[in-house]
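Listing of target.txt; format and content: compact mmCIF, C-alpha atoms.
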# COMPACT_ATOMS: atom_id res chain seq x y z
CA MET A 210 -4.25 4.75 -24.61
CA PRO A 211 -1.23 6.96 -23.91
CA SER A 212 -1.38 9.05 -20.75
CA GLU A 213 -0.46 12.66 -20.16
CA GLY A 214 2.63 13.47 -18.15
CA THR A 215 2.74 15.99 -15.35
CA GLN A 216 3.75 18.73 -17.78
CA GLY A 217 1.21 17.74 -20.42
CA ALA A 218 3.60 15.54 -22.42
CA VAL A 219 2.25 12.26 -23.71
CA ILE A 220 3.77 9.16 -22.11
CA ALA A 221 3.39 5.95 -24.09
CA PRO A 222 1.94 2.91 -22.30
CA ILE A 223 4.32 0.29 -20.95
CA LYS A 224 4.41 -3.08 -22.70
CA PHE A 225 5.60 -6.37 -21.24
CA GLU A 226 6.82 -9.47 -23.03
CA ARG A 227 3.96 -11.79 -23.85
CA GLY A 228 3.70 -15.40 -22.81
CA SER A 229 5.31 -16.76 -19.68
CA VAL A 230 5.95 -20.40 -18.88
CA PHE A 231 6.94 -19.26 -15.40
CA HIS A 232 3.62 -17.54 -14.76
CA ARG A 233 1.59 -20.41 -16.22
CA THR A 234 3.48 -22.99 -14.16
CA LEU A 235 3.09 -20.94 -11.01
CA ARG A 236 -0.65 -20.55 -11.52
CA GLU A 237 -1.00 -24.29 -12.04
CA LYS A 238 0.88 -25.03 -8.82
CA VAL A 239 -1.23 -22.58 -6.83
CA GLU A 240 -4.46 -23.98 -8.27
CA ALA A 241 -3.27 -27.48 -7.36
CA TYR A 242 -2.59 -26.30 -3.81
CA PHE A 243 -6.18 -25.14 -3.36
CA GLN A 244 -7.62 -28.26 -4.97
CA GLU A 245 -5.54 -30.59 -2.81
CA SER A 246 -6.03 -28.66 0.42
CA GLY A 247 -9.74 -28.03 -0.10
CA ARG A 248 -9.32 -24.43 0.99
CA LYS A 249 -11.20 -21.53 -0.55
CA GLN A 250 -9.31 -18.66 -2.13
CA ARG A 251 -11.84 -16.16 -0.74
CA ASP A 252 -14.68 -16.10 1.82
CA CYS A 253 -12.45 -17.62 4.50
CA TRP A 254 -13.89 -17.76 8.01
CA GLN A 255 -10.54 -16.64 9.40
CA MET A 256 -10.87 -13.44 7.40
CA TYR A 257 -14.33 -12.64 8.74
CA LEU A 258 -13.24 -13.30 12.33
CA LYS A 259 -10.14 -11.19 11.86
CA SER A 260 -12.21 -8.32 10.48
CA ILE A 261 -14.46 -8.38 13.54
CA VAL A 262 -11.42 -8.24 15.81
CA VAL A 263 -9.63 -5.34 14.09
CA LEU A 264 -12.83 -3.31 13.65
CA ALA A 265 -13.63 -3.87 17.34
CA ILE A 266 -10.17 -2.57 18.28
CA LEU A 267 -10.79 0.49 16.10
CA ALA A 268 -14.21 1.17 17.66
CA ALA A 269 -13.01 0.57 21.23
CA SER A 270 -10.03 2.90 20.88
CA TYR A 271 -12.19 5.66 19.34
CA ILE A 272 -14.93 5.37 21.98
CA GLY A 273 -12.25 5.19 24.67
CA ILE A 274 -10.88 8.56 23.57
CA LEU A 275 -14.33 10.12 23.87
CA MET A 276 -14.93 8.58 27.29
CA LEU A 277 -11.64 9.60 28.91
CA GLY A 278 -13.01 13.00 29.86
CA GLY A 279 -10.19 15.03 28.35
CA ALA A 280 -7.36 13.53 30.42
CA VAL A 281 -4.42 14.50 28.21
CA TRP A 282 -1.92 11.66 28.50
CA PRO A 283 -4.44 8.80 28.56
CA THR A 284 -6.17 10.37 25.55
CA LEU A 285 -2.94 10.64 23.59
CA ALA A 286 -2.02 7.06 24.55
CA ALA A 287 -5.40 5.94 23.24
CA ALA A 288 -4.71 7.94 20.06
CA VAL A 289 -1.59 5.81 19.50
CA VAL A 290 -3.74 2.68 19.75
CA LEU A 291 -6.27 4.27 17.40
CA GLY A 292 -3.52 4.97 14.85
CA PHE A 293 -2.41 1.35 14.91
CA ALA A 294 -6.03 0.21 14.70
CA MET A 295 -6.59 2.34 11.58
CA ALA A 296 -3.52 0.76 10.00
CA LEU A 297 -4.81 -2.71 10.97
CA VAL A 298 -8.12 -2.03 9.23
CA GLY A 299 -6.27 -0.79 6.15
CA PHE A 300 -3.96 -3.79 6.00
CA ASN A 301 -6.50 -6.47 6.84
CA VAL A 302 -9.96 -5.35 5.69
CA GLN A 303 -9.74 -2.52 3.16
CA HIS A 304 -6.81 -3.93 1.22
CA ASP A 305 -8.43 -7.30 0.54
CA GLY A 306 -11.76 -5.66 -0.22
CA GLY A 307 -10.13 -3.26 -2.65
CA HIS A 308 -8.47 -6.15 -4.48
CA ARG A 309 -11.69 -8.21 -4.46
CA SER A 310 -9.82 -10.92 -2.58
CA TYR A 311 -12.05 -10.74 0.49
CA SER A 312 -15.07 -12.49 -0.98
CA THR A 313 -16.62 -13.81 -4.18
CA ASN A 314 -19.53 -11.47 -3.43
CA ARG A 315 -19.11 -8.09 -5.12
CA TRP A 316 -20.90 -6.14 -2.41
CA ILE A 317 -18.97 -7.72 0.45
CA ASN A 318 -15.77 -6.66 -1.29
CA LYS A 319 -17.24 -3.20 -1.82
CA CYS A 320 -18.16 -2.81 1.84
CA ALA A 321 -14.69 -3.93 2.94
CA ALA A 322 -13.08 -1.49 0.49
CA LEU A 323 -15.26 1.36 1.79
CA THR A 324 -13.59 1.16 5.19
CA LEU A 325 -10.88 3.29 3.56
CA ASP A 326 -13.42 6.10 3.08
CA MET A 327 -14.27 5.78 6.77
CA LEU A 328 -10.54 6.25 7.47
CA GLY A 329 -10.46 9.44 5.43
CA ALA A 330 -9.03 8.39 2.06
CA SER A 331 -10.96 7.69 -1.14
CA SER A 332 -11.40 4.04 -2.06
CA TYR A 333 -12.17 5.19 -5.62
CA VAL A 334 -8.84 6.98 -6.02
CA TRP A 335 -6.96 4.22 -4.20
CA ALA A 336 -8.30 1.51 -6.51
CA ARG A 337 -6.95 3.32 -9.56
CA LYS A 338 -3.71 4.44 -7.96
CA HIS A 339 -2.88 1.12 -6.33
CA ASN A 340 -4.63 -1.62 -8.32
CA SER A 341 -4.42 -0.21 -11.82
CA ILE A 342 -1.13 1.70 -11.68
CA HIS A 343 1.12 0.36 -8.93
CA HIS A 344 0.32 -3.29 -9.53
CA SER A 345 0.73 -2.89 -13.29
CA TYR A 346 3.90 -0.78 -13.36
CA THR A 347 5.63 -1.67 -10.11
CA ASN A 348 8.82 0.38 -9.51
CA ILE A 349 8.78 1.88 -13.01
CA THR A 350 9.77 5.50 -12.50
CA GLY A 351 7.34 7.97 -14.02
CA HIS A 352 4.50 5.44 -14.00
CA ASP A 353 4.34 3.95 -10.48
CA ASP A 354 3.12 6.92 -8.45
CA ASP A 355 3.69 5.01 -5.20
CA ILE A 356 7.46 5.51 -5.48
CA ASP A 357 7.10 9.23 -6.11
CA VAL A 358 7.26 11.37 -2.95
CA GLY A 359 7.95 14.54 -4.87
CA PRO A 360 10.94 16.68 -3.89
CA PHE A 361 11.01 15.29 -0.36
CA GLY A 362 12.78 12.06 -1.25
CA ARG A 363 14.50 10.05 -3.93
CA LEU A 364 13.34 6.43 -3.94
CA SER A 365 14.45 5.43 -7.44
CA PRO A 366 17.82 5.82 -9.19
CA HIS A 367 15.92 7.31 -12.14
CA GLN A 368 14.62 10.25 -10.11
CA PRO A 369 16.53 13.55 -9.84
CA ARG A 370 18.67 14.08 -6.76
CA MET A 371 18.54 17.19 -4.60
CA LYS A 372 21.08 18.25 -1.98
CA MET A 373 18.69 17.64 0.89
CA HIS A 374 18.35 13.98 -0.14
CA ARG A 375 21.75 13.40 1.46
CA LEU A 376 19.86 13.25 4.76
CA GLN A 377 16.72 11.47 3.56
CA HIS A 378 17.67 8.24 5.33
CA LEU A 379 17.16 10.21 8.55
CA TYR A 380 14.23 12.56 7.93
CA LEU A 381 11.96 10.50 5.64
CA TRP A 382 10.96 8.18 8.49
CA PHE A 383 9.42 11.21 10.21
CA LEU A 384 7.72 12.47 7.05
CA TYR A 385 6.09 9.06 6.54
CA GLY A 386 3.82 9.95 9.45
CA PHE A 387 2.17 12.74 7.48
CA LEU A 388 0.93 10.47 4.68
CA PRO A 389 -2.66 10.17 6.00
CA VAL A 390 -2.98 13.92 6.52
CA LYS A 391 -1.85 14.40 2.92
CA TRP A 392 -4.52 11.91 1.79
CA HIS A 393 -7.23 13.51 3.91
CA LEU A 394 -6.64 17.14 3.03
CA TYR A 395 -4.87 17.23 -0.33
CA ASP A 396 -4.21 14.17 -2.49
CA ASP A 397 -7.74 12.96 -3.19
CA PHE A 398 -9.04 16.46 -3.96
CA HIS A 399 -5.97 17.28 -6.06
CA VAL A 400 -6.15 14.23 -8.33
CA LEU A 401 -9.86 14.80 -8.92
CA ALA A 402 -9.20 18.45 -9.75
CA ILE A 403 -6.43 17.74 -12.29
CA GLY A 404 -7.93 14.49 -13.57
CA ARG A 405 -4.82 12.34 -13.33
CA ILE A 406 -2.64 10.35 -10.97
CA GLY A 407 0.98 11.07 -11.80
CA SER A 408 1.25 10.46 -15.53
CA THR A 409 -1.99 8.44 -15.79
CA LYS A 410 -5.36 9.94 -16.66
CA LEU A 411 -8.06 9.54 -14.02
CA HIS A 412 -11.73 9.27 -14.91
CA ARG A 413 -13.42 11.41 -12.29
CA PRO A 414 -16.09 9.66 -10.16
CA ARG A 415 -19.73 10.10 -11.07
CA GLY A 416 -23.04 9.04 -9.63
CA LEU A 417 -22.71 6.63 -6.75
CA ASP A 418 -18.89 6.84 -6.80
CA LEU A 419 -19.03 10.61 -6.43
CA ALA A 420 -21.61 10.34 -3.65
CA ILE A 421 -19.35 7.89 -1.80
CA PHE A 422 -16.36 10.18 -2.27
CA ILE A 423 -18.20 13.19 -0.80
CA GLY A 424 -20.02 11.16 1.85
CA GLY A 425 -16.84 9.39 2.93
CA LYS A 426 -15.03 12.66 3.46
CA ALA A 427 -18.00 14.06 5.38
CA VAL A 428 -18.19 11.00 7.65
CA PHE A 429 -14.47 11.01 8.31
CA PHE A 430 -14.21 14.71 9.13
CA SER A 431 -17.25 14.39 11.37
CA LEU A 432 -15.73 11.46 13.27
CA ALA A 433 -12.27 13.04 13.40
CA PHE A 434 -13.25 16.58 14.42
CA VAL A 435 -16.95 17.33 14.92
CA VAL A 436 -17.97 14.49 17.26
CA PRO A 437 -14.86 14.71 19.50
CA MET A 438 -15.47 18.46 19.98
CA PHE A 439 -18.47 17.54 22.16
CA PHE A 440 -16.20 15.62 24.53
CA LEU A 441 -12.73 17.19 24.29
CA PRO A 442 -11.23 20.67 24.07
CA TRP A 443 -10.45 21.69 20.48
CA TRP A 444 -6.68 21.58 20.94
CA LEU A 445 -6.83 18.02 22.27
CA VAL A 446 -9.02 17.00 19.32
CA LEU A 447 -6.33 18.31 16.95
CA ALA A 448 -3.58 16.64 18.97
CA THR A 449 -5.45 13.33 18.96
CA TYR A 450 -5.95 13.55 15.21
CA GLY A 451 -2.26 14.36 14.71
CA VAL A 452 -0.99 11.49 16.87
CA ALA A 453 -3.36 8.87 15.44
CA SER A 454 -2.66 9.94 11.84
CA PHE A 455 1.09 10.00 12.42
CA VAL A 456 1.17 6.48 13.86
CA GLU A 457 -1.02 5.20 11.03
CA GLY A 458 1.18 6.89 8.42
CA VAL A 459 4.42 5.42 9.71
CA ALA A 460 2.93 1.92 9.88
CA LEU A 461 1.46 2.06 6.37
CA SER A 462 4.50 3.67 4.76
CA VAL A 463 7.11 1.40 6.27
CA VAL A 464 5.27 -1.77 5.23
CA PHE A 465 5.10 -0.51 1.65
CA GLN A 466 8.70 0.68 1.55
CA LEU A 467 10.09 -2.62 2.85
CA ALA A 468 8.45 -4.35 -0.11
CA HIS A 469 9.68 -2.12 -2.93
CA CYS A 470 12.22 0.52 -1.90
CA VAL A 471 15.05 -1.66 -0.65
CA GLU A 472 18.44 -2.76 -1.94
CA GLU A 473 17.15 -6.06 -3.28
CA ALA A 474 14.42 -4.61 -5.54
CA GLU A 475 14.95 -3.68 -9.17
CA PHE A 476 13.86 -0.39 -10.76
CA PRO A 477 13.70 -1.27 -14.47
CA MET A 478 12.89 1.22 -17.20
CA PRO A 479 11.29 0.48 -20.57
CA ALA A 480 13.29 0.72 -23.79
CA PRO A 481 13.05 4.35 -25.04
CA GLN A 482 11.89 3.46 -28.54
CA THR A 483 9.56 0.53 -27.93
CA HIS A 484 8.42 1.37 -24.36
CA ARG A 485 8.78 -2.34 -23.63
CA ILE A 486 10.03 -4.04 -20.48
CA ASP A 487 12.30 -6.97 -21.30
CA ASN A 488 10.44 -9.36 -18.99
CA CYS A 489 6.89 -10.62 -18.80
CA TRP A 490 4.65 -9.08 -16.15
CA ALA A 491 5.03 -11.93 -13.63
CA VAL A 492 8.83 -11.91 -13.77
CA HIS A 493 8.74 -8.13 -13.44
CA GLN A 494 6.74 -8.50 -10.21
CA VAL A 495 9.26 -10.98 -8.82
CA GLU A 496 12.18 -8.68 -9.60
CA THR A 497 10.63 -5.51 -8.20
CA THR A 498 8.99 -6.86 -5.04
CA VAL A 499 10.55 -8.14 -1.83
CA ASP A 500 9.15 -10.24 1.01
CA PHE A 501 10.19 -9.57 4.59
CA ALA A 502 9.92 -11.89 7.58
CA PRO A 503 7.64 -14.28 5.63
CA ARG A 504 7.65 -16.90 8.42
CA ASN A 505 6.69 -14.44 11.17
CA ARG A 506 3.06 -15.37 11.86
CA VAL A 507 2.40 -12.52 14.29
CA LEU A 508 3.66 -9.93 11.82
CA ALA A 509 1.70 -11.58 8.99
CA TRP A 510 -1.48 -11.32 11.07
CA LEU A 511 -0.88 -7.66 11.88
CA VAL A 512 0.03 -6.45 8.37
CA GLY A 513 -2.54 -8.49 6.47
CA GLY A 514 0.02 -10.83 4.90
CA LEU A 515 1.78 -7.92 3.22
CA ASN A 516 5.12 -9.14 4.50
CA CYS A 517 4.57 -11.71 1.70
CA GLN A 518 4.39 -8.96 -0.88
CA VAL A 519 5.72 -11.06 -3.78
CA GLU A 520 2.80 -13.44 -3.40
CA HIS A 521 0.38 -10.54 -3.14
CA HIS A 522 1.62 -8.97 -6.38
CA LEU A 523 1.41 -12.26 -8.25
CA PHE A 524 -1.99 -13.25 -6.83
CA PRO A 525 -3.73 -10.05 -5.64
CA GLN A 526 -7.20 -11.62 -5.79
CA ILE A 527 -6.38 -14.41 -3.35
CA CYS A 528 -7.14 -13.72 0.32
CA HIS A 529 -4.04 -12.71 2.24
CA ILE A 530 -4.37 -15.46 4.85
CA HIS A 531 -2.99 -17.87 2.22
CA TYR A 532 0.16 -15.89 1.43
CA PRO A 533 2.50 -17.62 3.92
CA ALA A 534 1.61 -21.01 2.41
CA LEU A 535 1.93 -19.68 -1.15
CA SER A 536 5.34 -18.16 -0.42
CA LYS A 537 6.96 -21.61 -0.36
CA ILE A 538 5.37 -22.46 -3.73
CA VAL A 539 6.56 -19.18 -5.23
CA GLU A 540 10.07 -19.55 -3.84
CA ASP A 541 10.42 -23.11 -5.16
CA THR A 542 9.08 -22.14 -8.60
CA CYS A 543 11.44 -19.18 -8.82
CA ARG A 544 14.33 -21.51 -8.04
CA ASP A 545 13.19 -23.95 -10.73
CA PHE A 546 13.22 -21.15 -13.32
CA GLY A 547 16.47 -19.60 -12.20
CA LEU A 548 14.81 -16.47 -10.83
CA ARG A 549 16.04 -14.79 -7.68
CA TYR A 550 13.35 -14.84 -4.99
CA LEU A 551 13.79 -11.56 -3.13
CA CYS A 552 13.36 -11.76 0.62
CA ASN A 553 14.64 -10.23 3.82
CA ARG A 554 14.22 -12.96 6.39
CA SER A 555 13.46 -10.62 9.30
CA LEU A 556 11.65 -7.34 9.90
CA PHE A 557 14.88 -5.76 11.08
CA GLY A 558 16.59 -6.93 7.90
CA GLY A 559 13.93 -5.21 5.80
CA ILE A 560 14.13 -1.98 7.79
CA SER A 561 17.93 -1.98 7.56
CA SER A 562 17.77 -2.54 3.80
CA HIS A 563 15.37 0.37 3.34
CA PHE A 564 17.61 2.60 5.46
CA ARG A 565 20.65 1.71 3.36
CA TRP A 566 18.68 2.25 0.12
CA LEU A 567 17.58 5.72 1.21
CA ARG A 568 21.15 6.60 2.12
CA ARG A 569 22.45 5.27 -1.19
CA MET A 570 19.83 7.20 -3.21
CA GLY A 571 20.84 10.37 -1.40
CA GLU A 572 24.50 10.09 -2.30
CA PRO A 573 25.73 12.39 -5.11
CA SER A 574 27.70 9.53 -6.70
CA ILE A 575 24.43 7.76 -7.59
CA ALA A 576 23.56 9.75 -10.70
CA THR A 577 20.15 9.92 -12.35
CA SER A 578 19.87 7.09 -14.87
As structure tokens, please, write out the structure in this file.
Amino acid sequence: MPSEGTQGAVIAPIKFERGSVFHRTLREKVEAYFQESGRKQRDCWQMYLKSIVVLAILAASYIGILMLGGAVWPTLAAAVVLGFAMALVGFNVQHDGGHRSYSTNRWINKCAALTLDMLGASSYVWARKHNSIHHSYTNITGHDDDIDVGPFGRLSPHQPRMKMHRLQHLYLWFLYGFLPVKWHLYDDFHVLAIGRIGSTKLHRPRGLDLAIFIGGKAVFFSLAFVVPMFFLPWWLVLATYGVASFVEGVALSVVFQLAHCVEEAEFPMPAPQTHRIDNCWAVHQVETTVDFAPRNRVLAWLVGGLNCQVEHHLFPQICHIHYPALSKIVEDTCRDFGLRYLCNRSLFGGISSHFRWLRRMGEPSIATS
């Protein structure tokens, strides 16, 4: 079905080329890898152990804040740890649960996905925004809402440029920190009120989904504000919330931006008349997604394998602990088919590429396409 644009105009659905020898070959190689190695795609013991660790870090940092007796600097230092812990849960537990790559059991995936509601954002809205829209229409301006930051920044060459974007390579890094606050207080309520995400219609939650949406917000606001008020002065509660949310926002935003909004990524647009992308879906994912530091095991552990973003986009329902191994298969298959495997070999390389992309998109010489 066509979707309604932000001004009520109808936007036709995107179509991809059908049939892909590349995608079929890649799936066969990945299936062979699991058969030969004897590993399970989901329900991996490493994933369960990892979840216990990151959730324990989250709980310890939160309880630590309450037990510090209102000492300002130790409390704010603990808030930094809490912010990173929230990002860890998002990367490592919620993300796999939301993609149903955590387990073969529906309810285990659901419980993992619901950790996002505990962190203040709606898992219902996220599933439609991220799974259905971003993963389907990656980097397609006007469809992929994840590359739309409104007037604050220009992430795609097909978005309009404003004068202030000349400095976006400097100020956007700071604004990234406000992403969670925007989720908590505005985004989720806004999309439910208007019934769409960007140009895509959203079916509002009902029944259990609506109860989870309301209950999740109630639990989060209670944990973020009500409970701490019994232990800390109100101004320190607000400061703790601000610091933790800011740290979480920067961590989440940067990991996403290094995968899609960098010099190496493509920003294709469909043909005006046919609304068709020239490539099949799998090739589109390869051309619009970039790995960074794929051999860095510590980073892979921290960000839930999302430094191997190409592999995640091609196989979102495979547990992220397998992505480093799959990256070699994907890279070799891309080479066999003459496709460019996009990768920044280090974290610094990815950050530098995003910085240069922001600066380029802010230049007046880069006109709207």
Expressed in Å, the length from CA of Ile342 in chain A to CA of Phe429 in chain A is 25.8 Å
*Nearest-residue call for Ala474 in chain A, choices A:Lys537, A:Arg504, A:Arg549, A:His232, using only C-alpha atoms*: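 Ranked by minimum distance to Ala474 in chain A, first place goes to A:Arg549.
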- Point-to-point distance from CA of Gly299 in chain A to CA of His378 in chain A, Å rounded to tenths: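 Taking CA of Gly299 in chain A as the start and CA of His378 in chain A as the end point, the length is 25.6 Å.
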Using only C-alpha atoms, tabulate the residues of range 350-460 of chain A lying at most 12 Å from any atom of range 326-335 of chain A, each with its closest atom pair and that distance in Å to one decimal, by chain and increasing residue number, as JSON lines.
{"residue": "A:Asp354", "atom": "CA", "partner": "A:Trp335", "partner_atom": "CA", "distance": 11.3}
{"residue": "A:Asp355", "atom": "CA", "partner": "A:Trp335", "partner_atom": "CA", "distance": 10.7}
{"residue": "A:Leu388", "atom": "CA", "partner": "A:Ala330", "partner_atom": "CA", "distance": 10.5}
{"residue": "A:Pro389", "atom": "CA", "partner": "A:Ala330", "partner_atom": "CA", "distance": 7.7}
{"residue": "A:Val390", "atom": "CA", "partner": "A:Gly329", "partner_atom": "CA", "distance": 8.8}
{"residue": "A:Lys391", "atom": "CA", "partner": "A:Ala330", "partner_atom": "CA", "distance": 9.4}
{"residue": "A:Trp392", "atom": "CA", "partner": "A:Ala330", "partner_atom": "CA", "distance": 5.7}
{"residue": "A:His393", "atom": "CA", "partner": "A:Gly329", "partner_atom": "CA", "distance": 5.4}
{"residue": "A:Leu394", "atom": "CA", "partner": "A:Gly329", "partner_atom": "CA", "distance": 8.9}
{"residue": "A:Tyr395", "atom": "CA", "partner": "A:Ala330", "partner_atom": "CA", "distance": 10.1}
{"residue": "A:Asp396", "atom": "CA", "partner": "A:Ala330", "partner_atom": "CA", "distance": 8.8}
{"residue": "A:Asp397", "atom": "CA", "partner": "A:Ser331", "partner_atom": "CA", "distance": 6.5}
{"residue": "A:Phe398", "atom": "CA", "partner": "A:Ser331", "partner_atom": "CA", "distance": 9.4}
{"residue": "A:His399", "atom": "CA", "partner": "A:Val334", "partner_atom": "CA", "distance": 10.7}
{"residue": "A:Val400", "atom": "CA", "partner": "A:Val334", "partner_atom": "CA", "distance": 8.1}
{"residue": "A:Leu401", "atom": "CA", "partner": "A:Val334", "partner_atom": "CA", "distance": 8.4}
{"residue": "A:Gly404", "atom": "CA", "partner": "A:Val334", "partner_atom": "CA", "distance": 10.7}
{"residue": "A:Arg405", "atom": "CA", "partner": "A:Val334", "partner_atom": "CA", "distance": 9.9}
{"residue": "A:Ile406", "atom": "CA", "partner": "A:Val334", "partner_atom": "CA", "distance": 8.6}
{"residue": "A:Lys410", "atom": "CA", "partner": "A:Val334", "partner_atom": "CA", "distance": 11.6}
{"residue": "A:Leu411", "atom": "CA", "partner": "A:Val334", "partner_atom": "CA", "distance": 8.4}
{"residue": "A:His412", "atom": "CA", "partner": "A:Val334", "partner_atom": "CA", "distance": 9.6}
{"residue": "A:Arg413", "atom": "CA", "partner": "A:Val334", "partner_atom": "CA", "distance": 8.9}
{"residue": "A:Pro414", "atom": "CA", "partner": "A:Tyr333", "partner_atom": "CA", "distance": 7.5}
{"residue": "A:Arg415", "atom": "CA", "partner": "A:Tyr333", "partner_atom": "CA", "distance": 10.5}
{"residue": "A:Leu417", "atom": "CA", "partner": "A:Tyr333", "partner_atom": "CA", "distance": 10.7}
{"residue": "A:Asp418", "atom": "CA", "partner": "A:Tyr333", "partner_atom": "CA", "distance": 7.0}
{"residue": "A:Leu419", "atom": "CA", "partner": "A:Tyr333", "partner_atom": "CA", "distance": 8.8}
{"residue": "A:Ala420", "atom": "CA", "partner": "A:Tyr333", "partner_atom": "CA", "distance": 10.9}
{"residue": "A:Ile421", "atom": "CA", "partner": "A:Asp326", "partner_atom": "CA", "distance": 7.9}
{"residue": "A:Phe422", "atom": "CA", "partner": "A:Ser331", "partner_atom": "CA", "distance": 6.1}
{"residue": "A:Ile423", "atom": "CA", "partner": "A:Ser331", "partner_atom": "CA", "distance": 9.1}
{"residue": "A:Gly424", "atom": "CA", "partner": "A:Asp326", "partner_atom": "CA", "distance": 8.4}
{"residue": "A:Gly425", "atom": "CA", "partner": "A:Asp326", "partner_atom": "CA", "distance": 4.7}
{"residue": "A:Lys426", "atom": "CA", "partner": "A:Gly329", "partner_atom": "CA", "distance": 5.9}
{"residue": "A:Ala427", "atom": "CA", "partner": "A:Gly329", "partner_atom": "CA", "distance": 8.8}
{"residue": "A:Val428", "atom": "CA", "partner": "A:Met327", "partner_atom": "CA", "distance": 6.6}
{"residue": "A:Phe429", "atom": "CA", "partner": "A:Gly329", "partner_atom": "CA", "distance": 5.2}
{"residue": "A:Phe430", "atom": "CA", "partner": "A:Gly329", "partner_atom": "CA", "distance": 7.5}
{"residue": "A:Ser431", "atom": "CA", "partner": "A:Met327", "partner_atom": "CA", "distance": 10.2}
{"residue": "A:Leu432", "atom": "CA", "partner": "A:Met327", "partner_atom": "CA", "distance": 8.8}
{"residue": "A:Ala433", "atom": "CA", "partner": "A:Gly329", "partner_atom": "CA", "distance": 8.9}
{"residue": "A:Phe434", "atom": "CA", "partner": "A:Gly329", "partner_atom": "CA", "distance": 11.8}
{"residue": "A:Tyr450", "atom": "CA", "partner": "A:Gly329", "partner_atom": "CA", "distance": 11.5}
{"residue": "A:Ala453", "atom": "CA", "partner": "A:Leu328", "partner_atom": "CA", "distance": 11.0}
{"residue": "A:Ser454", "atom": "CA", "partner": "A:Leu328", "partner_atom": "CA", "distance": 9.7}
{"residue": "A:Glu457", "atom": "CA", "partner": "A:Leu328", "partner_atom": "CA", "distance": 10.2}
{"residue": "A:Gly458", "atom": "CA", "partner": "A:Leu328", "partner_atom": "CA", "distance": 11.8}
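Around Cys489 in chain A, within 6 Å and counting only C-alpha atoms, the residues found are Phe225, Glu226 and Arg227 of chain A, once anything fewer than 6 positions away on its own chain is removed.
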Extract, using all atoms listed in the file, all DNA, RNA and protein residues at most 9 Å from Leu267 in chain A, discarding same-chain residues fewer than 5 positions from it, and format them as a ChimeraX atom specification. /A:262,272,290-295,297-298
For the residues selected in the previous step, produce a file with C-alpha atoms as a PDB file, in the coordinates of the input.
ATOM      1  CA  VAL A 262     -11.420  -8.240  15.810  1.00  0.00           C
ATOM      2  CA  ILE A 272     -14.930   5.370  21.980  1.00  0.00           C
ATOM      3  CA  VAL A 290      -3.740   2.680  19.750  1.00  0.00           C
ATOM      4  CA  LEU A 291      -6.270   4.270  17.400  1.00  0.00           C
ATOM      5  CA  GLY A 292      -3.520   4.970  14.850  1.00  0.00           C
ATOM      6  CA  PHE A 293      -2.410   1.350  14.910  1.00  0.00           C
ATOM      7  CA  ALA A 294      -6.030   0.210  14.700  1.00  0.00           C
ATOM      8  CA  MET A 295      -6.590   2.340  11.580  1.00  0.00           C
ATOM      9  CA  LEU A 297      -4.810  -2.710  10.970  1.00  0.00           C
ATOM     10  CA  VAL A 298      -8.120  -2.030   9.230  1.00  0.00           C
TER      11      VAL A 298
END
Give the padded box for range 320-331 of chain A as JSON: axis-aligned, covering all atoms listed in the file, 3 Å on each side, centre and edge lengths in Å to one decimal.
{"center_x": -13.6, "center_y": 2.8, "center_z": 3.2, "size_x": 15.1, "size_y": 19.4, "size_z": 14.6}
